[in-house]
>>> print(open('data.pdb').read())   # PDB, C-alpha atoms
ATOM      1  CA  MET A1460    -226.350  45.935   7.350
ATOM      2  CA  ALA A1461    -222.994  47.326   8.363
ATOM      3  CA  ALA A1462    -224.591  49.195  11.261
ATOM      4  CA  ALA A1463    -224.914  45.865  13.099
ATOM      5  CA  PHE A1464    -221.173  45.227  12.967
ATOM      6  CA  THR A1465    -218.503  46.432  15.375
ATOM      7  CA  PRO A1466    -216.294  49.411  14.395
ATOM      8  CA  LEU A1467    -213.298  47.102  14.085
ATOM      9  CA  GLY A1468    -215.264  44.699  11.909
ATOM     10  CA  ILE A1469    -216.337  47.525   9.597
ATOM     11  CA  ALA A1470    -212.763  48.797   9.365
ATOM     12  CA  VAL A1471    -211.382  45.346   8.542
ATOM     13  CA  LEU A1472    -214.088  44.872   5.916
ATOM     14  CA  ALA A1473    -213.081  48.139   4.240
ATOM     15  CA  ASP A1474    -209.387  47.244   4.388
ATOM     16  CA  VAL A1475    -210.030  43.862   2.792
ATOM     17  CA  ARG A1476    -211.966  45.466  -0.046
ATOM     18  CA  THR A1477    -209.147  47.936  -0.615
ATOM     19  CA  ALA A1478    -206.625  45.086  -0.708
ATOM     20  CA  LEU A1479    -208.660  42.948  -3.112
ATOM     21  CA  THR A1480    -209.876  45.565  -5.576
ATOM     22  CA  PRO A1481    -206.584  45.823  -7.545
ATOM     23  CA  HIS A1482    -206.724  42.056  -8.165
ATOM     24  CA  ALA A1483    -210.356  41.987  -9.334
ATOM     25  CA  SER A1484    -211.092  40.599 -12.793
ATOM     26  CA  PRO A1485    -214.552  40.786 -14.407
ATOM     27  CA  ARG A1486    -213.698  37.764 -16.549
ATOM     28  CA  VAL A1487    -212.728  35.658 -13.554
ATOM     29  CA  ALA A1488    -215.733  36.968 -11.629
ATOM     30  CA  ALA A1489    -218.101  35.778 -14.359
ATOM     31  CA  GLY A1490    -216.637  32.281 -14.194
ATOM     32  CA  GLN A1491    -216.734  32.155 -10.401
ATOM     33  CA  SER A1492    -220.342  33.285 -10.314
ATOM     34  CA  ALA A1493    -221.307  30.737 -12.961
ATOM     35  CA  TYR A1494    -219.593  27.967 -10.962
ATOM     36  CA  LEU A1495    -221.945  28.762  -8.071
ATOM     37  CA  LEU A1496    -224.937  28.824 -10.444
ATOM     38  CA  HIS A1497    -225.057  32.639 -10.349
ATOM     39  CA  LYS A1498    -226.251  32.611  -6.757
ATOM     40  CA  PHE A1499    -223.532  35.053  -5.640
ATOM     41  CA  PRO A1500    -221.474  37.805  -7.274
ATOM     42  CA  ALA A1501    -217.688  37.866  -7.056
ATOM     43  CA  LEU A1502    -214.840  40.296  -7.443
ATOM     44  CA  GLY A1503    -212.931  37.809  -9.544
ATOM     45  CA  VAL A1504    -209.894  37.238  -7.311
ATOM     46  CA  TYR A1505    -208.351  33.767  -7.280
ATOM     47  CA  THR A1506    -207.728  32.153  -3.896
ATOM     48  CA  PRO A1507    -203.900  32.475  -3.837
ATOM     49  CA  ALA A1508    -204.103  36.172  -4.720
ATOM     50  CA  ARG A1509    -206.864  36.757  -2.178
ATOM     51  CA  ARG A1510    -204.906  35.152   0.628
ATOM     52  CA  ALA A1511    -201.690  36.953  -0.282
ATOM     53  CA  ALA A1512    -203.458  40.329  -0.400
ATOM     54  CA  THR A1513    -205.326  39.909   2.881
ATOM     55  CA  ARG A1514    -202.672  38.072   4.904
ATOM     56  CA  PRO A1515    -201.036  41.229   6.353
ATOM     57  CA  ILE A1516    -204.435  42.568   7.405
ATOM     58  CA  LEU A1517    -205.444  39.340   9.125
ATOM     59  CA  ARG A1518    -202.083  38.843  10.825
ATOM     60  CA  ALA A1519    -202.247  42.338  12.326
ATOM     61  CA  LEU A1520    -205.635  41.798  13.956
ATOM     62  CA  PRO A1521    -204.411  40.855  17.478
ATOM     63  CA  ALA A1522    -202.248  43.981  17.704
ATOM     64  CA  ARG A1523    -204.968  46.084  16.161
ATOM     65  CA  ALA A1524    -207.597  44.874  18.624
ATOM     66  CA  GLY A1525    -205.263  45.075  21.621
ATOM     67  CA  ALA A1526    -204.292  42.360  24.069
ATOM     68  CA  ALA A1527    -207.055  43.375  26.475
ATOM     69  CA  THR A1528    -209.850  42.815  23.974
ATOM     70  CA  TRP A1529    -208.446  40.166  21.629
ATOM     71  CA  GLY A1530    -210.324  36.888  21.962
ATOM     72  CA  TRP A1531    -213.267  34.932  20.638
ATOM     73  CA  PRO A1532    -215.872  37.752  20.814
ATOM     74  CA  THR A1533    -213.608  40.106  18.840
ATOM     75  CA  LEU A1534    -212.623  37.444  16.310
ATOM     76  CA  ALA A1535    -216.243  36.364  15.842
ATOM     77  CA  ALA A1536    -217.307  39.983  15.315
ATOM     78  CA  ILE A1537    -214.673  40.456  12.595
ATOM     79  CA  ALA A1538    -215.729  37.210  10.925
ATOM     80  CA  ASP A1539    -219.362  38.359  11.117
ATOM     81  CA  ALA A1540    -218.526  41.527   9.197
ATOM     82  CA  LEU A1541    -216.585  39.646   6.548
ATOM     83  CA  TRP A1542    -219.253  36.955   6.266
ATOM     84  CA  ALA A1543    -222.238  39.207   5.645
ATOM     85  CA  GLY A1544    -220.918  42.726   5.145
ATOM     86  CA  ALA A1545    -220.376  42.557   1.387
ATOM     87  CA  PRO A1546    -222.103  40.647  -1.426
ATOM     88  CA  GLU A1547    -219.002  39.370  -3.221
ATOM     89  CA  ARG A1548    -217.933  35.807  -2.499
ATOM     90  CA  GLU A1549    -214.367  36.698  -1.596
ATOM     91  CA  PHE A1550    -215.517  38.196   1.709
ATOM     92  CA  PRO A1551    -217.057  35.086   3.328
ATOM     93  CA  HIS A1552    -214.004  33.199   2.067
ATOM     94  CA  THR A1553    -211.851  35.716   3.918
ATOM     95  CA  ALA A1554    -214.008  35.157   7.005
ATOM     96  CA  CYS A1555    -212.988  31.498   6.790
ATOM     97  CA  ASP A1556    -209.355  32.564   6.348
ATOM     98  CA  VAL A1557    -209.416  34.681   9.505
ATOM     99  CA  LEU A1558    -210.822  31.770  11.519
ATOM    100  CA  SER A1559    -208.152  29.464  10.120
ATOM    101  CA  MET A1560    -205.297  31.898  10.767
ATOM    102  CA  HIS A1561    -206.401  32.571  14.357
ATOM    103  CA  ARG A1562    -207.462  29.027  15.128
ATOM    104  CA  ARG A1563    -205.870  29.129  18.573
ATOM    105  CA  VAL A1564    -208.370  31.750  19.678
ATOM    106  CA  TRP A1565    -211.259  29.301  19.454
ATOM    107  CA  LEU A1566    -209.183  26.132  19.925
ATOM    108  CA  PRO A1567    -206.303  26.998  22.259
ATOM    109  CA  ARG A1568    -203.623  24.508  23.194
ATOM    110  CA  GLY A1569    -201.273  24.192  26.121
ATOM    111  CA  ASP A1570    -201.333  22.553  29.518
ATOM    112  CA  PRO A1571    -203.462  23.971  30.927
ATOM    113  CA  PRO A1572    -204.988  25.430  27.772
ATOM    114  CA  ALA A1573    -205.648  29.135  27.487
ATOM    115  CA  PRO A1574    -209.219  30.356  28.077
ATOM    116  CA  SER A1575    -211.403  29.409  25.149
ATOM    117  CA  PRO A1576    -215.041  29.818  24.109
ATOM    118  CA  SER A1577    -217.351  27.010  25.125
ATOM    119  CA  THR A1578    -218.543  24.399  22.693
ATOM    120  CA  ALA A1579    -222.013  25.924  22.814
ATOM    121  CA  GLU A1580    -220.677  29.376  21.915
ATOM    122  CA  VAL A1581    -218.729  28.223  18.872
ATOM    123  CA  LEU A1582    -221.441  25.888  17.567
ATOM    124  CA  ALA A1583    -224.125  28.548  18.039
ATOM    125  CA  TRP A1584    -222.020  30.968  16.003
ATOM    126  CA  VAL A1585    -221.512  28.375  13.256
ATOM    127  CA  HIS A1586    -225.213  27.486  13.212
ATOM    128  CA  ALA A1587    -226.108  31.145  12.658
ATOM    129  CA  LYS A1588    -223.839  31.148   9.593
ATOM    130  CA  LEU A1589    -225.287  27.895   8.243
ATOM    131  CA  VAL A1590    -228.853  29.239   8.252
ATOM    132  CA  SER A1591    -227.866  32.590   6.724
ATOM    133  CA  PRO A1592    -228.392  33.459   3.027
ATOM    134  CA  VAL A1593    -224.600  33.486   2.563
ATOM    135  CA  ALA A1594    -224.258  29.745   3.251
ATOM    136  CA  HIS A1595    -223.224  27.531   0.349
ATOM    137  CA  TRP A1596    -220.954  24.530   0.015
ATOM    138  CA  ASP A1597    -217.855  26.607  -0.777
ATOM    139  CA  VAL A1598    -217.789  28.101   2.729
ATOM    140  CA  VAL A1599    -219.935  25.589   4.613
ATOM    141  CA  ASP A1600    -217.416  22.794   4.112
ATOM    142  CA  PHE A1601    -214.678  24.761   5.880
ATOM    143  CA  LEU A1602    -216.952  25.407   8.855
ATOM    144  CA  ALA A1603    -217.978  21.738   8.923
ATOM    145  CA  THR A1604    -214.630  20.016   8.569
ATOM    146  CA  THR A1605    -212.406  22.510  10.377
ATOM    147  CA  VAL A1606    -214.334  24.565  12.927
ATOM    148  CA  VAL A1607    -217.064  22.096  13.905
ATOM    149  CA  GLY A1608    -214.753  19.122  13.376
ATOM    150  CA  ASP A1609    -212.014  20.499  15.622
ATOM    151  CA  VAL A1610    -214.471  21.460  18.352
ATOM    152  CA  LEU A1611    -216.081  18.014  18.166
ATOM    153  CA  ARG A1612    -212.712  16.248  18.490
ATOM    154  CA  ARG A1613    -211.714  18.475  21.416
ATOM    155  CA  ASP A1614    -215.028  17.716  23.109
ATOM    156  CA  GLU A1615    -214.637  13.992  22.518
ATOM    157  CA  ARG A1616    -211.171  13.963  24.093
ATOM    158  CA  SER A1617    -212.276  16.047  27.082
ATOM    159  CA  THR A1618    -215.342  13.903  27.715
ATOM    160  CA  ALA A1619    -213.320  10.691  27.441
ATOM    161  CA  ALA A1620    -210.665  12.020  29.821
ATOM    162  CA  VAL A1621    -213.260  13.011  32.421
ATOM    163  CA  ALA A1622    -215.047   9.662  32.134
ATOM    164  CA  THR A1623    -211.787   7.718  32.430
ATOM    165  CA  ALA A1624    -210.743   9.695  35.506
ATOM    166  CA  ALA A1625    -214.096   9.010  37.149
ATOM    167  CA  GLU A1626    -214.223   5.347  36.174
ATOM    168  CA  PRO A1627    -211.097   3.804  34.603
ATOM    169  CA  GLY A1628    -211.944   1.730  31.547
ATOM    170  CA  SER A1629    -215.265   3.452  31.027
ATOM    171  CA  CYS A1630    -216.240   4.693  27.555
ATOM    172  CA  GLY A1631    -217.997   7.623  29.161
ATOM    173  CA  THR A1632    -220.992   9.542  27.945
ATOM    174  CA  GLU A1633    -221.488  11.347  24.670
ATOM    175  CA  SER A1634    -219.904  14.771  24.378
ATOM    176  CA  PRO A1635    -222.001  17.950  24.087
ATOM    177  CA  ALA A1636    -220.742  18.502  20.533
ATOM    178  CA  ALA A1637    -221.753  14.972  19.524
ATOM    179  CA  ARG A1638    -225.244  15.505  20.940
ATOM    180  CA  CYS A1639    -225.439  18.741  18.987
ATOM    181  CA  MET A1640    -224.548  16.931  15.763
ATOM    182  CA  ARG A1641    -227.377  14.470  16.366
ATOM    183  CA  ASP A1642    -229.763  17.409  16.761
ATOM    184  CA  TRP A1643    -228.477  19.070  13.591
ATOM    185  CA  LEU A1644    -229.337  15.977  11.568
ATOM    186  CA  THR A1645    -233.026  16.786  12.039
ATOM    187  CA  SER A1646    -232.708  20.338  10.765
ATOM    188  CA  GLU A1647    -234.719  21.461   7.751
ATOM    189  CA  VAL A1648    -231.704  23.470   6.528
ATOM    190  CA  VAL A1649    -229.560  21.560   4.042
ATOM    191  CA  TRP A1650    -226.299  23.167   5.184
ATOM    192  CA  VAL A1651    -226.896  22.256   8.825
ATOM    193  CA  ARG A1652    -227.435  18.602   7.892
ATOM    194  CA  ARG A1653    -224.421  18.610   5.573
ATOM    195  CA  THR A1654    -222.277  20.009   8.372
ATOM    196  CA  ALA A1655    -223.401  17.281  10.758
ATOM    197  CA  VAL A1656    -222.449  14.655   8.158
ATOM    198  CA  LEU A1657    -219.023  16.159   7.444
ATOM    199  CA  ALA A1658    -218.049  17.018  11.021
ATOM    200  CA  GLN A1659    -215.863  13.900  11.416
ATOM    201  CA  LEU A1660    -214.328  14.005   7.937
ATOM    202  CA  LYS A1661    -210.828  14.645   9.350
ATOM    203  CA  SER A1662    -211.155  12.461  12.457
ATOM    204  CA  HIS A1663    -209.681   9.316  10.882
ATOM    205  CA  SER A1664    -208.687   6.934  13.713
ATOM    206  CA  ASP A1665    -210.278   9.266  16.277
ATOM    207  CA  THR A1666    -213.713   8.915  14.674
ATOM    208  CA  ASN A1667    -216.637   8.429  17.024
ATOM    209  CA  VAL A1668    -217.942   5.357  15.201
ATOM    210  CA  PRO A1669    -221.354   5.143  16.940
ATOM    211  CA  LEU A1670    -221.966   8.801  16.021
ATOM    212  CA  LEU A1671    -220.817   8.168  12.450
ATOM    213  CA  GLN A1672    -223.075   5.103  12.213
ATOM    214  CA  HIS A1673    -226.065   7.102  13.448
ATOM    215  CA  THR A1674    -225.287  10.042  11.166
ATOM    216  CA  LEU A1675    -224.893   8.026   7.978
ATOM    217  CA  ALA A1676    -227.826   5.727   8.697
ATOM    218  CA  SER A1677    -230.042   8.749   9.337
ATOM    219  CA  CYS A1678    -229.087  10.230   5.957
ATOM    220  CA  ALA A1679    -228.722   7.042   3.933
ATOM    221  CA  ALA A1680    -231.942   7.594   2.002
ATOM    222  CA  GLU A1681    -231.364  11.336   1.634
ATOM    223  CA  ARG A1682    -231.924  12.552  -1.936
ATOM    224  CA  GLU A1683    -230.955  16.184  -1.386
ATOM    225  CA  PHE A1684    -227.840  16.531  -3.564
ATOM    226  CA  PHE A1685    -225.530  18.293  -1.108
ATOM    227  CA  VAL A1686    -226.404  15.955   1.765
ATOM    228  CA  ALA A1687    -226.214  12.774  -0.319
ATOM    229  CA  LYS A1688    -222.839  13.817  -1.693
ATOM    230  CA  ALA A1689    -221.631  14.559   1.847
ATOM    231  CA  VAL A1690    -222.693  11.055   2.929
ATOM    232  CA  GLY A1691    -220.628   9.545   0.124
ATOM    233  CA  TRP A1692    -217.675  11.796   0.921
ATOM    234  CA  ALA A1693    -217.779  10.853   4.612
ATOM    235  CA  LEU A1694    -217.909   7.166   3.733
ATOM    236  CA  ARG A1695    -215.032   7.479   1.267
ATOM    237  CA  GLU A1696    -212.803   9.265   3.759
ATOM    238  CA  TYR A1697    -213.511   6.837   6.603
ATOM    239  CA  ARG A1698    -212.894   3.947   4.204
ATOM    240  CA  ARG A1699    -209.226   4.980   4.290
ATOM    241  CA  THR A1700    -209.280   4.157   8.009
ATOM    242  CA  ASP A1701    -211.633   1.160   8.129
ATOM    243  CA  ARG A1702    -212.413  -0.259   4.716
ATOM    244  CA  GLY A1703    -214.312  -3.233   6.084
ATOM    245  CA  TRP A1704    -216.659  -1.081   8.154
ATOM    246  CA  VAL A1705    -217.569   1.121   5.187
ATOM    247  CA  ASP A1706    -218.040  -1.788   2.785
ATOM    248  CA  ALA A1707    -220.294  -3.495   5.333
ATOM    249  CA  PHE A1708    -222.279  -0.282   5.833
ATOM    250  CA  VAL A1709    -222.799   0.182   2.094
ATOM    251  CA  ALA A1710    -223.878  -3.446   1.701
ATOM    252  CA  ALA A1711    -226.280  -3.205   4.645
ATOM    253  CA  HIS A1712    -227.993  -0.044   3.373
ATOM    254  CA  PRO A1713    -229.534  -0.712  -0.045
ATOM    255  CA  MET A1714    -231.533   2.502   0.323
ATOM    256  CA  LEU A1715    -228.304   4.499   0.020
ATOM    257  CA  SER A1716    -228.701   6.977  -2.819
ATOM    258  CA  PRO A1717    -226.820   6.176  -6.051
ATOM    259  CA  LEU A1718    -224.874   9.422  -5.635
ATOM    260  CA  ALA A1719    -223.756   8.557  -2.104
ATOM    261  CA  ARG A1720    -222.856   5.017  -3.144
ATOM    262  CA  ARG A1721    -220.865   6.236  -6.125
ATOM    263  CA  GLU A1722    -218.974   8.804  -4.037
ATOM    264  CA  ALA A1723    -218.248   6.266  -1.308
ATOM    265  CA  LEU A1724    -216.715   3.725  -3.689
ATOM    266  CA  LYS A1725    -215.388   5.966  -6.468
ATOM    267  CA  HIS A1726    -211.751   5.006  -5.814
ATOM    268  CA  ASP A1727    -212.444   1.281  -5.940
ATOM    269  CA  PRO A1728    -213.232   0.185  -9.529
ATOM    270  CA  GLU A1729    -213.841  -3.371  -8.367
ATOM    271  CA  LEU A1730    -216.961  -2.240  -6.534
ATOM    272  CA  GLN A1731    -218.318  -0.046  -9.333
ATOM    273  CA  PRO A1732    -220.736  -0.331 -10.923
ATOM    274  CA  ALA A1733    -221.292  -4.103 -10.762
ATOM    275  CA  THR A1734    -222.604  -3.995  -7.196
ATOM    276  CA  TRP A1735    -225.192  -1.313  -7.978
ATOM    277  CA  PRO A1736    -228.784  -1.885  -9.055
ATOM    278  CA  GLY A1737    -229.075  -2.812 -12.755
ATOM    279  CA  PRO A1738    -230.460   0.479 -14.191
ATOM    280  CA  VAL A1739    -227.939   2.565 -12.239
ATOM    281  CA  ALA A1740    -225.046   0.391 -13.370
ATOM    282  CA  ALA A1741    -226.147   0.495 -17.014
ATOM    283  CA  ALA A1742    -226.580   4.269 -17.046
ATOM    284  CA  THR A1743    -223.212   4.792 -15.365
ATOM    285  CA  LYS A1744    -221.465   2.438 -17.806
ATOM    286  CA  ASP A1745    -222.984   4.242 -20.808
ATOM    287  CA  ALA A1746    -222.034   7.685 -19.483
ATOM    288  CA  THR A1747    -218.489   6.531 -18.747
ATOM    289  CA  ALA A1748    -218.093   5.081 -22.247
ATOM    290  CA  VAL A1749    -219.279   8.314 -23.865
ATOM    291  CA  SER A1750    -216.916  10.357 -21.716
ATOM    292  CA  ARG A1751    -213.926   8.161 -22.594
ATOM    293  CA  LYS A1752    -214.755   8.290 -26.317
ATOM    294  CA  ARG A1753    -214.982  12.085 -26.161
ATOM    295  CA  ARG A1754    -211.591  12.354 -24.415
ATOM    296  CA  ARG A1755    -209.930  10.064 -26.968
ATOM    297  CA  ARG A1756    -211.366  12.042 -29.881
ATOM    298  CA  THR A1757    -210.252  15.331 -28.357
ATOM    299  CA  ALA A1758    -206.736  14.014 -27.740
ATOM    300  CA  SER A1759    -206.427  12.681 -31.283
ATOM    301  CA  GLU A1760    -207.324  16.102 -32.649
ATOM    302  CA  GLY A1761    -204.709  17.779 -30.476
ATOM    303  CA  ARG A1762    -207.266  19.873 -28.582
ATOM    304  CA  ARG A1763    -207.693  20.436 -24.852
ATOM    305  CA  PRO A1764    -210.924  19.029 -23.369
ATOM    306  CA  GLN A1765    -213.556  21.692 -22.796
ATOM    307  CA  PRO A1766    -216.457  21.447 -20.312
ATOM    308  CA  ARG A1767    -219.873  21.024 -21.846
ATOM    309  CA  ARG A1768    -221.707  24.334 -21.970
ATOM    310  CA  GLY A1769    -224.256  24.902 -19.267
ATOM    311  CA  ARG A1770    -223.509  21.644 -17.474
ATOM    312  CA  SER A1771    -220.136  21.957 -15.760
ATOM    313  CA  ALA A1772    -221.438  24.170 -12.944
ATOM    314  CA  SER A1773    -224.512  22.067 -12.273
ATOM    315  CA  ARG A1774    -222.742  18.722 -12.504
ATOM    316  CA  ARG A1775    -219.743  19.661 -10.378
ATOM    317  CA  PRO A1776    -220.996  21.710  -7.427
ATOM    318  CA  ASP A1777    -218.590  20.029  -5.025
ATOM    319  CA  VAL A1778    -214.872  19.445  -4.938
ATOM    320  CA  ALA A1779    -215.113  16.224  -2.950
TER     321      ALA A1779
END
>>> encode(input="data.pdb", output="structure tokens")
Amino acid sequence: MAAAFTPLGIAVLADVRTALTPHASPRVAAGQSAYLLHKFPALGVYTPARRAATRPILRALPARAGAATWGWPTLAAIADALWAGAPEREFPHTACDVLSMHRRVWLPRGDPPAPSPSTAEVLAWVHAKLVSPVAHWDVVDFLATTVVGDVLRRDERSTAAVATAAEPGSCGTESPAARCMRDWLTSEVVWVRRTAVLAQLKSHSDTNVPLLQHTLASCAAEREFFVAKAVGWALREYRRTDRGWVDAFVAAHPMLSPLARREALKHDPELQPATWPGPVAAATKDATAVSRKRRRRTASEGRRPQPRRGRSASRRPDVA
């Protein structure tokens, strides 16, 4: 596999392994692998230690590559090597770290901004990662909310500025990134659809509401766990910006999955679970009562709560 990577990418991959190996813990690795349902192995390095160990390597990349060659193609090639060049989960996480640290390579700022890759280039690169065997929620969510989200917001601003210059007061046409998100909603790959749902998670007041409406309505009846949870997460986050819009959307879409509905309204006890269908409300009330009784019993015995064996990883596959 490594033969497909650039020499610099292979060298960075080796340096990252050298930096992480002293921090590896088989005990931690077992827990990390179990949390991801044993789909991927791990070295057993916690996130703070991983970032501290690899930070000098990632910071030195521009100087190491040279000013003449440093840019999106070089950065993407390094991320490619980290993403797929080693089986342990710390390496795709480090690929996300390198994109975050060198964000201005793919999203430059300034007036005029520095040369940057096109929307199509960045989204094509992300799409290749989403359909790869490495994709899972722990790395997909960074690509969705940060890389795709930032590119989408940049595209929205650019398209609006061009439309306003051509016709003052016009709302303009849809941006290329927004059209791409609509296309991704029809993908058969779960991670591509999840990314399309989460792309505006950090947009807040800059949210493209027609795109959000289309995205959530298209996935309202989705029963795939990772997509349904993303729908609820997107609704919950936008509810911080426009509570009325989200409450109206939830009320107008009775086909919304119980998971999405619960995630959307989880911070509003007044809307849970009385507004849900009877069987869902009853089951949720019973489960909540059992959980509270268990916590009280544990506290009275002076013990720390422990996750139920064999269920914590399957019941909590997302941090949202």
>>> residues_around(input="data.pdb", residues="stretch 1632-1645 of chain A", least_positions_apart="5", cutoff="6 Å", atoms="only C-alpha atoms", output="compact mmCIF listing (two decimals) with C-alpha atoms, in the frame of the given file")
# COMPACT_ATOMS: atom_id res chain seq x y z
CA LEU A 1611 -216.08 18.01 18.17
CA ASP A 1614 -215.03 17.72 23.11
CA GLU A 1615 -214.64 13.99 22.52
CA THR A 1618 -215.34 13.90 27.72
CA VAL A 1651 -226.90 22.26 8.82
CA ARG A 1652 -227.44 18.60 7.89
CA ALA A 1655 -223.40 17.28 10.76
>>> resolve_selection(input="data.pdb", expression="the PyMOL selection byres ((chain A and resi 1486-1489) around 12)", output="MDAnalysis selection string")
chainID A and resid 1482:1485 1490:1506 1547:1549
>>> atom_distance(input="data.pdb", atom1="atom CA of A:Ala1526", atom2="atom CA of A:Trp1565")
15.5 Å
>>> atom_distance(input="data.pdb", atom1="atom CA of A:Leu1718", atom2="atom CA of A:Leu1602")
23.0 Å
>>> resolve_selection(input="data.pdb", expression="the PyMOL selection byres ((chain A and resi 1700) around 10)", output="PyMOL selection string")
chain A and resi 1662-1666+1695-1699+1701-1705
>>> resolve_selection(input="data.pdb", expression="the PyMOL selection byres ((chain A and resi 1553-1558) around 8)", output="VMD selection string")
chain A and resid 1509 to 1510 1513 1517 1534 1537 to 1539 1541 to 1542 1549 to 1552 1559 to 1562 1598 1601 to 1602
>>> residues_near_point(input="data.pdb", point="(-227.1, 8.5, 9.9)", cutoff="12 Å", atoms="only C-alpha atoms", output="compact mmCIF listing (two decimals) with C-alpha atoms, keeping the file's coordinate frame")
# COMPACT_ATOMS: atom_id res chain seq x y z
CA MET A 1640 -224.55 16.93 15.76
CA ARG A 1641 -227.38 14.47 16.37
CA ASP A 1642 -229.76 17.41 16.76
CA TRP A 1643 -228.48 19.07 13.59
CA LEU A 1644 -229.34 15.98 11.57
CA THR A 1645 -233.03 16.79 12.04
CA ARG A 1652 -227.44 18.60 7.89
CA ARG A 1653 -224.42 18.61 5.57
CA ALA A 1655 -223.40 17.28 10.76
CA VAL A 1656 -222.45 14.66 8.16
CA LEU A 1657 -219.02 16.16 7.44
CA VAL A 1668 -217.94 5.36 15.20
CA PRO A 1669 -221.35 5.14 16.94
CA LEU A 1670 -221.97 8.80 16.02
CA LEU A 1671 -220.82 8.17 12.45
CA GLN A 1672 -223.08 5.10 12.21
CA HIS A 1673 -226.06 7.10 13.45
CA THR A 1674 -225.29 10.04 11.17
CA LEU A 1675 -224.89 8.03 7.98
CA ALA A 1676 -227.83 5.73 8.70
CA SER A 1677 -230.04 8.75 9.34
CA CYS A 1678 -229.09 10.23 5.96
CA ALA A 1679 -228.72 7.04 3.93
CA ALA A 1680 -231.94 7.59 2.00
CA GLU A 1681 -231.36 11.34 1.63
CA VAL A 1686 -226.40 15.96 1.76
CA ALA A 1687 -226.21 12.77 -0.32
CA ALA A 1689 -221.63 14.56 1.85
CA VAL A 1690 -222.69 11.06 2.93
CA GLY A 1691 -220.63 9.54 0.12
CA ALA A 1693 -217.78 10.85 4.61
CA LEU A 1694 -217.91 7.17 3.73
CA PHE A 1708 -222.28 -0.28 5.83
CA HIS A 1712 -227.99 -0.04 3.37
CA LEU A 1715 -228.30 4.50 0.02
>>> atom_distance(input="data.pdb", atom1="atom CA of A:Leu1467", atom2="atom CA of A:Val1599")
24.4 Å
>>> axis_aligned_box(input="data.pdb", around="stretch 1479-1483 of chain A", padding_each_side="5 Å", output="AutoDock Vina command-line options")
--center_x -208.5 --center_y 43.9 --center_z -6.2 --size_x 13.8 --size_y 13.8 --size_z 16.2
>>> residues_around(input="data.pdb", residues="A:Trp1650", least_positions_apart="6", cutoff="9 Å", atoms="all atoms listed in the file", output="list in words")
Leu1589, Val1590, Ala1594, His1595, Trp1596, Val1599, Asp1600, Phe1685 and Val1686 of chain A
>>> residues_near_point(input="data.pdb", point="(-213.3, 17.8, 10.7)", cutoff="7 Å", atoms="all atoms listed in the file", output="JSON, numbers by chain")
{"A": [1603, 1604, 1605, 1607, 1608, 1609, 1657, 1658, 1659, 1660, 1661, 1662]}
>>> decode(input="data.pdb", residues="stretch 1521-1530 of chain A", atoms="N, CA, C and O atoms", output="short mmCIF file (atom, residue, chain, number, x, y, z; two decimals), in the first residue's frame")
data_model
loop_
_atom_site.label_atom_id
_atom_site.label_comp_id
_atom_site.auth_asym_id
_atom_site.auth_seq_id
_atom_site.Cartn_x
_atom_site.Cartn_y
_atom_site.Cartn_z
N PRO A 1521 5.81 22.34 6.42
CA PRO A 1521 6.08 23.33 5.35
C PRO A 1521 7.56 23.47 5.05
O PRO A 1521 7.97 23.51 3.88
N ALA A 1522 8.39 23.55 6.10
CA ALA A 1522 9.83 23.68 5.88
C ALA A 1522 10.40 22.41 5.27
O ALA A 1522 11.29 22.46 4.41
N ARG A 1523 9.87 21.30 5.70
CA ARG A 1523 10.36 20.01 5.19
C ARG A 1523 10.02 19.83 3.71
O ARG A 1523 10.81 19.28 2.94
N ALA A 1524 8.84 20.26 3.32
CA ALA A 1524 8.43 20.13 1.92
C ALA A 1524 9.10 21.17 1.03
O ALA A 1524 9.35 20.93 -0.15
N GLY A 1525 9.38 22.35 1.61
CA GLY A 1525 9.97 23.43 0.82
C GLY A 1525 8.90 24.37 0.31
O GLY A 1525 7.80 23.94 -0.08
N ALA A 1526 9.22 25.65 0.30
CA ALA A 1526 8.24 26.66 -0.11
C ALA A 1526 7.75 26.44 -1.53
O ALA A 1526 6.61 26.76 -1.86
N ALA A 1527 8.60 25.90 -2.39
CA ALA A 1527 8.24 25.73 -3.80
C ALA A 1527 7.19 24.65 -4.01
O ALA A 1527 6.42 24.70 -4.97
N THR A 1528 7.16 23.67 -3.11
CA THR A 1528 6.25 22.55 -3.31
C THR A 1528 5.13 22.49 -2.26
O THR A 1528 4.21 21.68 -2.41
N TRP A 1529 5.22 23.30 -1.20
CA TRP A 1529 4.21 23.24 -0.17
C TRP A 1529 2.89 23.82 -0.67
O TRP A 1529 2.83 24.92 -1.19
N GLY A 1530 1.83 23.05 -0.52
CA GLY A 1530 0.50 23.47 -0.95
C GLY A 1530 -0.46 22.31 -0.81
O GLY A 1530 -0.15 21.28 -0.19
#
